[in-house]
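Colleague: Pasting work.tsv below, which is TSV, C-alpha atoms and all ligand atoms.
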```
chain	number	residue	atom	x	y	z
A	5	MET	CA	199.40	39.20	112.32
A	6	PRO	CA	202.36	36.96	113.20
A	7	LYS	CA	203.69	37.31	116.74
A	8	SER	CA	207.20	38.17	115.77
A	9	CYS	CA	207.42	39.00	112.12
A	10	ILE	CA	210.23	38.57	109.65
A	11	LEU	CA	211.73	41.92	108.69
A	12	TYR	CA	213.93	42.56	105.67
A	13	VAL	CA	215.88	45.79	105.75
A	14	ILE	CA	216.50	46.84	102.14
A	15	VAL	CA	219.69	48.82	101.67
A	16	PRO	CA	220.55	50.13	98.18
A	17	CYS	CA	224.30	50.61	97.72
A	18	TYR	CA	226.07	52.35	94.91
A	19	ASN	CA	229.81	52.82	95.32
A	20	GLU	CA	229.52	52.78	99.09
A	21	GLU	CA	232.79	51.04	100.05
A	22	ALA	CA	233.61	53.93	102.37
A	23	VAL	CA	230.41	53.72	104.36
A	24	LEU	CA	229.45	50.03	104.25
A	25	PRO	CA	231.87	48.87	106.98
A	26	VAL	CA	230.50	51.61	109.24
A	27	SER	CA	226.77	51.40	108.55
A	28	ALA	CA	226.35	47.61	108.19
A	29	PRO	CA	227.14	46.87	111.88
A	30	VAL	CA	224.78	49.68	112.90
A	31	PHE	CA	221.94	48.03	110.98
A	32	LEU	CA	222.82	44.62	112.39
A	33	ARG	CA	222.89	45.92	115.96
A	34	LYS	CA	219.47	47.44	115.45
A	35	LEU	CA	218.15	44.19	114.03
A	36	GLN	CA	219.49	42.25	117.02
A	37	GLU	CA	218.06	44.78	119.43
A	38	MET	CA	214.61	44.40	117.90
A	39	THR	CA	214.97	40.60	117.91
A	40	GLU	CA	215.85	40.66	121.61
A	41	LYS	CA	212.76	42.75	122.29
A	42	LYS	CA	210.78	40.10	120.36
A	43	LEU	CA	209.53	42.73	117.94
A	44	ILE	CA	210.87	40.79	115.00
A	45	SER	CA	211.89	37.22	114.29
A	46	ASP	CA	215.50	36.06	114.30
A	47	ASP	CA	214.95	35.08	110.66
A	48	SER	CA	215.00	38.77	109.76
A	49	ARG	CA	217.69	39.93	107.36
A	50	ILE	CA	219.54	42.94	106.09
A	51	LEU	CA	219.37	42.81	102.30
A	52	PHE	CA	221.95	44.92	100.50
A	53	VAL	CA	221.22	45.73	96.88
A	54	ASN	CA	224.42	46.45	95.02
A	55	ASP	CA	223.41	48.83	92.26
A	56	GLY	CA	226.20	48.02	89.80
A	57	SER	CA	228.92	49.62	91.91
A	58	SER	CA	232.29	50.06	90.28
A	59	ASP	CA	234.14	49.93	93.61
A	60	ARG	CA	234.47	47.05	96.10
A	61	SER	CA	230.95	47.35	97.54
A	62	TRP	CA	229.82	43.93	96.27
A	63	GLU	CA	232.92	42.16	97.57
A	64	MET	CA	232.25	43.77	100.93
A	65	ILE	CA	228.62	42.65	100.92
A	66	CYS	CA	229.74	39.10	100.11
A	67	SER	CA	232.21	39.07	102.96
A	68	LEU	CA	229.59	40.50	105.35
A	69	ALA	CA	227.23	37.69	104.28
A	70	LYS	CA	229.88	35.16	105.20
A	71	GLN	CA	230.43	36.78	108.61
A	72	ASP	CA	226.80	36.78	109.75
A	73	ARG	CA	223.75	35.02	108.37
A	74	HIS	CA	221.65	38.14	108.94
A	75	TYR	CA	223.49	39.89	106.11
A	76	THR	CA	222.36	39.01	102.59
A	77	GLY	CA	222.78	40.71	99.26
A	78	ILE	CA	221.80	40.84	95.63
A	79	SER	CA	223.69	42.56	92.87
A	80	GLN	CA	222.24	44.29	89.85
A	81	SER	CA	223.90	43.57	86.54
A	82	ARG	CA	224.61	47.30	86.12
A	83	ASN	CA	223.79	50.64	87.68
A	84	ARG	CA	220.06	51.26	87.31
A	85	GLY	CA	219.53	54.03	89.82
A	86	HIS	CA	218.33	54.25	93.39
A	87	GLN	CA	214.61	53.67	92.74
A	88	ASN	CA	215.18	50.52	90.70
A	89	ALA	CA	217.63	49.24	93.31
A	90	VAL	CA	215.07	49.68	96.09
A	91	LEU	CA	212.39	48.01	93.97
A	92	ALA	CA	214.70	45.06	93.20
A	93	GLY	CA	215.30	44.62	96.94
A	94	LEU	CA	211.61	44.86	97.79
A	95	MET	CA	210.66	42.29	95.17
A	96	GLU	CA	213.45	39.96	96.26
A	97	ALA	CA	212.24	40.18	99.86
A	98	LYS	CA	208.52	40.04	99.04
A	99	ASP	CA	208.04	36.30	99.40
A	100	ARG	CA	210.45	35.88	102.27
A	101	CYS	CA	209.21	38.35	104.85
A	102	ASP	CA	206.26	39.96	106.59
A	103	ILE	CA	207.61	43.49	106.39
A	104	THR	CA	210.39	45.43	104.69
A	105	ILE	CA	212.05	48.67	105.67
A	106	SER	CA	214.02	50.46	102.97
A	107	ILE	CA	216.84	52.65	104.22
A	108	ASP	CA	219.81	54.42	102.62
A	109	CYS	CA	223.22	52.88	103.09
A	110	ASP	CA	224.93	56.05	104.28
A	111	GLY	CA	223.51	56.21	107.82
A	112	GLN	CA	221.70	59.49	107.15
A	113	ASP	CA	218.40	57.91	108.14
A	114	ASP	CA	218.28	57.21	111.86
A	115	PRO	CA	218.10	53.38	112.26
A	116	ASP	CA	216.41	53.81	115.66
A	117	ALA	CA	213.25	54.88	113.83
A	118	MET	CA	212.92	51.29	112.57
A	119	GLU	CA	211.74	50.17	115.97
A	120	GLU	CA	209.01	52.77	116.00
A	121	MET	CA	208.01	51.71	112.47
A	122	VAL	CA	207.70	48.05	113.46
A	123	LYS	CA	205.59	49.04	116.47
A	124	ARG	CA	203.25	50.96	114.17
A	125	TYR	CA	202.98	47.85	112.03
A	126	THR	CA	201.97	45.78	115.04
A	127	GLU	CA	199.31	48.40	115.70
A	128	GLY	CA	197.83	47.59	112.30
A	129	TYR	CA	199.46	50.04	109.89
A	130	GLU	CA	200.58	48.58	106.57
A	131	ILE	CA	202.74	51.51	105.44
A	132	VAL	CA	204.89	53.59	107.77
A	133	TYR	CA	206.60	56.60	106.22
A	134	GLY	CA	209.83	57.89	107.77
A	135	VAL	CA	209.59	61.67	107.78
A	136	ARG	CA	212.58	63.94	108.44
A	137	ASN	CA	211.94	66.43	111.21
A	138	ARG	CA	214.50	68.88	109.91
A	139	ARG	CA	216.97	69.27	107.11
A	140	ASP	CA	219.71	71.15	108.95
A	141	THR	CA	222.35	68.67	107.91
A	142	ASP	CA	221.63	69.23	104.22
A	143	SER	CA	223.07	72.26	102.50
A	144	PHE	CA	220.78	75.25	102.06
A	145	PHE	CA	220.69	74.51	98.36
A	146	LYS	CA	219.67	70.87	98.83
A	147	ARG	CA	217.05	71.82	101.43
A	148	PHE	CA	215.60	74.51	99.21
A	149	THR	CA	215.48	72.39	96.06
A	150	ALA	CA	214.03	69.40	97.91
A	151	GLU	CA	211.28	71.44	99.58
A	152	SER	CA	210.40	73.28	96.37
A	153	PHE	CA	210.22	69.89	94.68
A	154	TYR	CA	207.70	68.50	97.18
A	155	ARG	CA	205.57	71.61	96.78
A	156	MET	CA	205.71	71.41	93.00
A	157	LEU	CA	204.73	67.74	93.03
A	158	ALA	CA	201.75	68.47	95.25
A	159	HIS	CA	200.81	71.28	92.89
A	160	MET	CA	200.94	68.89	89.96
A	161	GLY	CA	198.52	66.54	91.70
A	162	VAL	CA	201.11	63.93	92.70
A	163	GLU	CA	200.40	62.74	96.22
A	164	VAL	CA	203.63	62.72	98.19
A	165	ILE	CA	204.45	62.79	101.89
A	166	PHE	CA	206.27	65.99	102.72
A	167	ASN	CA	209.91	65.41	103.71
A	168	HIS	CA	209.66	61.67	103.21
A	169	ALA	CA	212.34	60.04	101.09
A	170	ASP	CA	212.63	56.29	100.73
A	171	TYR	CA	212.86	55.32	104.40
A	172	ARG	CA	209.63	53.39	104.92
A	173	LEU	CA	208.08	50.22	106.19
A	174	LEU	CA	205.87	48.19	103.87
A	175	SER	CA	203.81	45.17	104.83
A	176	ASN	CA	203.73	42.03	102.75
A	177	ARG	CA	200.27	42.92	101.46
A	178	VAL	CA	201.53	46.26	100.20
A	179	LEU	CA	204.52	44.58	98.55
A	180	ASN	CA	202.20	42.19	96.73
A	181	GLU	CA	200.14	45.09	95.45
A	182	LEU	CA	203.29	47.01	94.49
A	183	ALA	CA	204.34	44.02	92.40
A	184	GLY	CA	201.24	44.65	90.30
A	185	PHE	CA	202.43	48.14	89.32
A	186	ARG	CA	204.17	47.30	86.08
A	187	GLU	CA	205.53	50.70	85.10
A	188	VAL	CA	209.14	51.05	84.05
A	189	ASN	CA	209.46	54.69	85.09
A	190	ILE	CA	209.50	54.19	88.82
A	191	TYR	CA	209.01	56.86	91.42
A	192	LEU	CA	208.27	54.95	94.61
A	193	ARG	CA	207.47	58.02	96.70
A	194	GLY	CA	204.58	58.78	94.39
A	195	MET	CA	203.53	55.16	93.80
A	196	ILE	CA	203.25	53.92	97.38
A	197	PRO	CA	200.51	56.41	98.43
A	198	LEU	CA	198.50	55.18	95.42
A	199	ILE	CA	198.43	51.66	96.86
A	200	GLY	CA	196.33	52.80	99.81
A	201	PHE	CA	195.92	50.72	103.02
A	202	ARG	CA	196.32	52.18	106.49
A	203	SER	CA	199.41	54.34	106.70
A	204	THR	CA	201.12	56.52	109.25
A	205	GLU	CA	204.33	58.48	109.75
A	206	VAL	CA	207.30	58.23	112.07
A	207	VAL	CA	209.43	61.33	112.53
A	208	TYR	CA	213.20	60.93	112.62
A	209	GLU	CA	216.27	63.07	112.52
A	210	ARG	CA	218.21	63.23	109.29
A	211	ARG	CA	221.94	63.07	109.97
A	212	GLU	CA	225.16	63.67	108.08
A	213	ARG	CA	226.43	60.88	105.85
A	214	LEU	CA	228.65	58.58	107.93
A	215	ALA	CA	231.21	58.48	105.10
A	216	GLY	CA	231.48	58.83	101.33
A	217	LYS	CA	229.59	61.43	99.37
A	218	SER	CA	226.14	61.93	97.85
A	219	HIS	CA	225.49	60.54	94.37
A	220	TYR	CA	222.79	63.01	93.56
A	221	THR	CA	224.11	65.89	91.50
A	222	LEU	CA	221.89	68.82	90.55
A	223	ARG	CA	221.31	67.21	87.17
A	224	GLU	CA	220.18	63.95	88.74
A	225	MET	CA	217.93	65.73	91.21
A	226	LEU	CA	216.29	67.65	88.38
A	227	GLY	CA	215.97	64.39	86.45
A	228	LEU	CA	214.26	62.72	89.42
A	229	ALA	CA	211.96	65.71	89.84
A	230	PHE	CA	211.00	65.63	86.17
A	231	ASP	CA	210.48	61.86	86.25
A	232	GLY	CA	208.41	62.16	89.41
A	233	ILE	CA	206.06	64.59	87.74
A	234	THR	CA	205.81	63.06	84.29
A	235	SER	CA	205.47	59.50	85.61
A	236	LEU	CA	202.58	60.33	87.86
A	237	SER	CA	200.77	63.38	86.56
A	238	ILE	CA	199.36	64.60	83.25
A	239	ARG	CA	198.73	68.06	84.60
A	240	PRO	CA	201.66	69.63	82.66
A	241	ILE	CA	199.96	68.62	79.38
A	242	ARG	CA	196.73	70.21	80.57
A	243	MET	CA	198.66	73.34	81.55
A	244	ILE	CA	200.06	73.50	78.02
A	245	ALA	CA	196.57	73.33	76.56
A	246	THR	CA	195.45	76.15	78.87
A	247	LEU	CA	198.49	78.19	77.89
A	248	GLY	CA	197.67	77.58	74.22
A	249	VAL	CA	194.15	78.91	74.72
A	250	LEU	CA	195.48	81.98	76.54
A	251	VAL	CA	198.09	82.75	73.88
A	252	SER	CA	195.52	82.32	71.09
A	253	PHE	CA	193.20	84.69	72.91
A	254	LEU	CA	196.04	87.19	73.30
A	255	SER	CA	196.82	87.05	69.59
A	256	ILE	CA	193.13	87.68	68.70
A	257	VAL	CA	193.16	90.72	71.00
A	258	LEU	CA	196.34	91.96	69.31
A	259	ILE	CA	194.86	91.49	65.82
A	260	VAL	CA	191.68	93.36	66.74
A	261	TRP	CA	193.74	96.10	68.33
A	262	SER	CA	196.02	96.52	65.28
A	263	VAL	CA	193.01	96.62	62.88
A	264	LEU	CA	191.48	99.35	65.03
A	265	GLN	CA	194.79	101.24	64.96
A	266	PHE	CA	194.89	100.89	61.16
A	267	PHE	CA	191.46	102.42	60.72
A	268	ALA	CA	192.34	105.15	63.19
A	269	GLY	CA	195.26	106.00	60.92
A	270	ASN	CA	197.93	105.00	63.45
A	271	THR	CA	200.25	102.57	61.78
A	272	VAL	CA	202.21	100.69	64.40
A	273	PRO	CA	205.88	101.63	64.08
A	274	GLY	CA	207.36	98.99	66.44
A	275	TRP	CA	208.15	95.82	64.55
A	276	THR	CA	210.40	94.72	67.41
A	277	SER	CA	207.38	94.15	69.62
A	278	LEU	CA	205.93	92.02	66.86
A	279	CYS	CA	209.14	90.01	66.68
A	280	ALA	CA	209.07	89.59	70.45
A	281	ILE	CA	205.59	88.15	70.31
A	282	VAL	CA	206.51	85.80	67.47
A	283	CYS	CA	209.52	84.61	69.47
A	284	MET	CA	207.44	84.17	72.60
A	285	ILE	CA	204.84	82.10	70.82
A	286	GLY	CA	207.58	80.08	69.10
A	287	GLY	CA	209.22	79.46	72.48
A	288	ILE	CA	205.97	78.36	74.07
A	289	GLN	CA	205.36	75.97	71.19
A	290	LEU	CA	208.81	74.43	71.51
A	291	ILE	CA	208.50	74.00	75.28
A	292	SER	CA	205.07	72.48	74.79
A	293	LEU	CA	206.39	70.06	72.20
A	294	GLY	CA	209.21	69.17	74.58
A	295	VAL	CA	206.82	68.34	77.41
A	296	ILE	CA	204.55	66.32	75.14
A	297	GLY	CA	207.67	64.59	73.77
A	298	GLU	CA	208.64	63.66	77.33
A	299	TYR	CA	205.32	61.90	77.80
A	300	ILE	CA	205.60	60.16	74.43
A	301	GLY	CA	209.09	59.05	75.43
A	302	LYS	CA	207.65	57.59	78.63
A	303	ILE	CA	204.95	55.77	76.65
A	304	TYR	CA	207.69	54.42	74.37
A	305	LEU	CA	209.63	53.06	77.35
A	306	GLU	CA	206.51	51.61	78.96
A	307	ALA	CA	205.48	49.98	75.66
A	308	LYS	CA	208.82	48.21	75.47
A	309	ALA	CA	208.27	46.97	79.03
A	310	ARG	CA	211.88	46.05	79.58
A	311	PRO	CA	212.79	44.46	82.92
A	312	ARG	CA	213.13	47.09	85.60
A	313	TYR	CA	216.12	45.38	87.15
A	314	ILE	CA	218.33	42.44	86.34
A	315	ILE	CA	219.91	40.55	89.20
A	316	SER	CA	223.24	39.02	88.30
A	317	ASP	CA	224.47	37.73	91.68
A	318	ARG	CA	223.09	36.75	95.04
A	319	THR	CA	224.56	35.83	98.37
A	320	GLU	CA	223.02	32.91	100.17
A	321	MET	CA	219.35	33.65	100.69
A	322	PRO	CA	216.71	31.95	102.85
A	323	PRO	CA	214.56	29.77	100.60
A	324	LEU	CA	211.29	31.16	99.35
A	325	ALA	CA	209.60	28.09	100.84
A	326	ASP	CA	209.96	29.76	104.25
A	327	ARG	CA	207.02	31.99	103.42
A	328	THR	CA	205.24	30.86	100.35
A	329	GLY	CA	205.80	27.19	99.84
A	330	GLY	CA	207.28	28.17	96.49
A	331	GLU	CA	210.53	27.08	94.91
A	332	PRO	CA	213.08	26.41	97.65
A	333	GLY	CA	216.72	27.31	97.27
A	334	ASP	CA	216.04	30.13	94.86
A	335	GLY	CA	219.28	31.84	94.02
A	336	VAL	CA	221.29	29.96	96.61
A	337	ASN	CA	224.72	28.76	95.62
A	338	ALA	CA	227.66	27.05	97.21
A	339	ASP	CA	230.00	29.81	98.20
A	340	GLY	CA	227.22	32.30	98.44
A	341	CYS	CA	228.57	34.75	95.89
A	342	GLU	CA	228.73	33.21	92.49
A	343	ALA	CA	226.61	34.38	89.59
A	344	VAL	CA	223.27	32.73	89.12
A	345	ASP	CA	220.95	33.08	86.17
A	346	ALA	CA	219.86	36.58	85.33
A	347	ASP	CA	216.50	37.25	86.84
A	348	ALA	CA	213.95	39.27	84.95
A	349	PRO	CA	210.91	40.28	86.97
B	1	LIG	N1	222.12	54.78	95.29
B	1	LIG	C1	221.88	53.70	94.43
B	1	LIG	N2	222.04	53.88	93.08
B	1	LIG	C2	222.39	55.08	92.54
B	1	LIG	C3	222.60	56.18	93.42
B	1	LIG	C4	222.45	55.99	94.79
B	1	LIG	O1	221.54	52.61	94.89
B	1	LIG	O2	222.52	55.15	91.31
B	1	LIG	C5	221.94	54.58	96.76
B	1	LIG	C6	223.11	55.05	97.61
B	1	LIG	O3	224.08	54.05	97.77
B	1	LIG	C7	222.42	55.38	98.92
B	1	LIG	C8	221.04	55.85	98.49
B	1	LIG	O4	220.85	55.37	97.17
B	1	LIG	O5	222.26	54.26	99.77
B	1	LIG	C9	220.90	57.36	98.52
B	1	LIG	O6	221.94	57.96	97.77
B	1	LIG	P1	222.74	59.24	98.26
B	1	LIG	O7	223.09	59.11	99.71
B	1	LIG	O8	223.87	59.43	97.33
B	1	LIG	O9	221.65	60.38	98.05
B	1	LIG	P2	221.28	61.61	99.02
B	1	LIG	O10	221.10	61.07	100.40
B	1	LIG	O11	222.39	62.56	98.93
B	1	LIG	O12	219.99	62.14	98.45
B	2	MG	MG	222.40	60.04	101.43
```
I need this file expressed as structure tokens, please.
Ligand code: UDP
Ligand code: MG
Modeller:
Amino acid sequence: MPKSCILYVIVPCYNEEAVLPVSAPVFLRKLQEMTEKKLISDDSRILFVNDGSSDRSWEMICSLAKQDRHYTGISQSRNRGHQNAVLAGLMEAKDRCDITISIDCDGQDDPDAMEEMVKRYTEGYEIVYGVRNRRDTDSFFKRFTAESFYRMLAHMGVEVIFNHADYRLLSNRVLNELAGFREVNIYLRGMIPLIGFRSTEVVYERRERLAGKSHYTLREMLGLAFDGITSLSIRPIRMIATLGVLVSFLSIVLIVWSVLQFFAGNTVPGWTSLCAIVCMIGGIQLISLGVIGEYIGKIYLEAKARPRYIISDRTEMPPLADRTGGEPGDGVNADGCEAVDADAP
């Protein structure tokens, strides 16, 4: 283990012009503090990932990069979503650092927990999960939906850390293994535990957003929940098969029962109940087809294997040669902010 390791703090940003000027100096201060304590090397960086923002976020990142060499940034060619933005940052940092810590841009995750995470790394842990100790600052609705979601995932056989979002430390070894996960439907919270290695948790306090507002609407949260399950578990398909067996059994019971009624001379008067059953079975079939369709859709996307992110711009970045002896000067350009060739991982 290197004495003082290079840390890259990965910060996904989507339309965060309101919060960037507030949170960026907080991250930098934390980085400097850890450097002074010799926990990390002075070559550590804060890597902003602009996720196709339509506001001035990228311009701000560029001007931050010019102010202090510890700020760097990459920009995605369009909005691809939080998970892809984090992955793009991790892969960009992979060959330049010993460890990464991914953290949201809005200051909701306590930056002080980073120090604790790095200490855990020096103790030999390769993955350190940031776990929220309470969710008081979230609305009741958000708290309830998030907690139900974790429970449902666990129920579906997806291994997730309770109350852990995307605030986590990953070692270089873990990043290299993560690079081998080629799926297009990314749900990092479910993927990282699959990598293995020694892992631990650091508890932190979840705060209010420093500025701006959340990008996750109910629809997006449901979408993430659905993706999380269908990307990592086939249990819903098995549940459908079980349901099919149960419904078939029920219909056999009903047939036997109605034949018995016929011979007993009791014709069944209620055709509405019959209609209800037909509707119920029809409904179950449609839902089942929908779930199976969701999996086929995922297979379709995976089969196409499109790039998971496309980087259109970079600020000045330390050369890859620093760590790997690979191509130096990758993505570096004169004024630090001009477009370089699109990068397909
Ligand atoms: N984010 C992103 N792309 C998106 C949506 C969000 O990179 O399409 C970033 C956002 O800038 C923030 C983080 O993901 O740094 C978490 O988003 P947000 O704070 O809106 O979510 P919440 O904390 O409310 O779950
Ligand atoms: Mg947030």
Colleague: For stretch 276-289 of chain A, find every residue with an atom within 12 Å (counting all atoms listed in the file), except residues of its own chain fewer than 3 positions away, and show them as number ranges by chain.
Modeller: A: 243-252, 254-255, 258-259, 262, 272-273, 292-297
Colleague: Rounded to one decimal, what separation in Å do you get between atom CA of A:Arg318 and atom CA of A:Gly77?
Modeller: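 Value for the atom CA of A:Arg318-atom CA of A:Gly77 distance: 5.8 Å.
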Colleague: Which one of A:Cys9, A:Ala307, A:Met95, A:Cys17 sits closest to ligand LIG 1 (chain B) if you count only C-alpha atoms and all ligand atoms?
Modeller: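 Looking at the shortest contact to ligand LIG 1 (chain B), the residue is A:Cys17.
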Colleague: At a cut-off of 12 Å, using all atoms listed in the file, what residues contact A:Ile303? Leave out same-chain residues fewer than 3 positions from it and give the result as number ranges by chain.
Modeller: A: 187-189, 234-235, 296-300, 306-309
Colleague: How would the residues just chosen look if you wrote them out with C-alpha atoms as a compact mmCIF listing (two decimals), in the coordinates of the input?
Modeller:
```txt
# COMPACT_ATOMS: atom_id res chain seq x y z
CA GLU A 187 205.53 50.70 85.10
CA VAL A 188 209.14 51.05 84.05
CA ASN A 189 209.46 54.69 85.09
CA THR A 234 205.81 63.06 84.29
CA SER A 235 205.47 59.50 85.61
CA ILE A 296 204.55 66.32 75.14
CA GLY A 297 207.67 64.59 73.77
CA GLU A 298 208.64 63.66 77.33
CA TYR A 299 205.32 61.90 77.80
CA ILE A 300 205.60 60.16 74.43
CA GLU A 306 206.51 51.61 78.96
CA ALA A 307 205.48 49.98 75.66
CA LYS A 308 208.82 48.21 75.47
CA ALA A 309 208.27 46.97 79.03
```
Colleague: Counting all atoms listed in the file, name the residues that have an atom within 6 Å of an atom of ligand LIG 1 (chain B); the answer should be given as JSON, numbers by chain.
Modeller: {"A": [16, 17, 18, 20, 55, 83, 85, 86, 89, 108, 109, 110, 218, 219, 220]}
Colleague: Out of A:Val162, A:Leu290, A:Val135, A:Ile107, which residue has the shortest atom-to-atom distance to ligand MG 2 (chain B) when counting all atoms listed in the file?
Modeller: A:Ile107
Colleague: Need to verify the contact set: A:Ile103, 10 Å, all atoms listed in the file, exclusion of same-chain residues closer than 2 positions in sequence. Can you return it as a list in words?
Modeller: Cys9, Ile10, Leu11, Tyr12, Val13, Ile44, Ser48, Leu94, Ala97, Lys98, Arg100, Cys101, Ile105, Val122, Tyr125, Glu130, Ile131, Leu173, Leu174, Ser175, Asn176, Arg177, Val178 and Leu179 of chain A
Colleague: In Å, how far is it from atom CA of A:Gly93 to atom CA of A:Ala229?
Modeller: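 Calculated distance between atom CA of A:Gly93 and atom CA of A:Ala229 is 22.5 Å.
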Colleague: Counting only C-alpha atoms and all ligand atoms, which residue out of A:Gly56, A:Pro25, A:Gly216, A:Gly200 sits closest to ligand MG 2 (chain B)?
Modeller: A:Gly216
Colleague: Name all residues at most 8 Å from A:Arg239 (count only C-alpha atoms; drop same-chain ones fewer than 3 positions away) and give them as a PyMOL selection string.
Modeller: chain A and resi 160-161+242-243
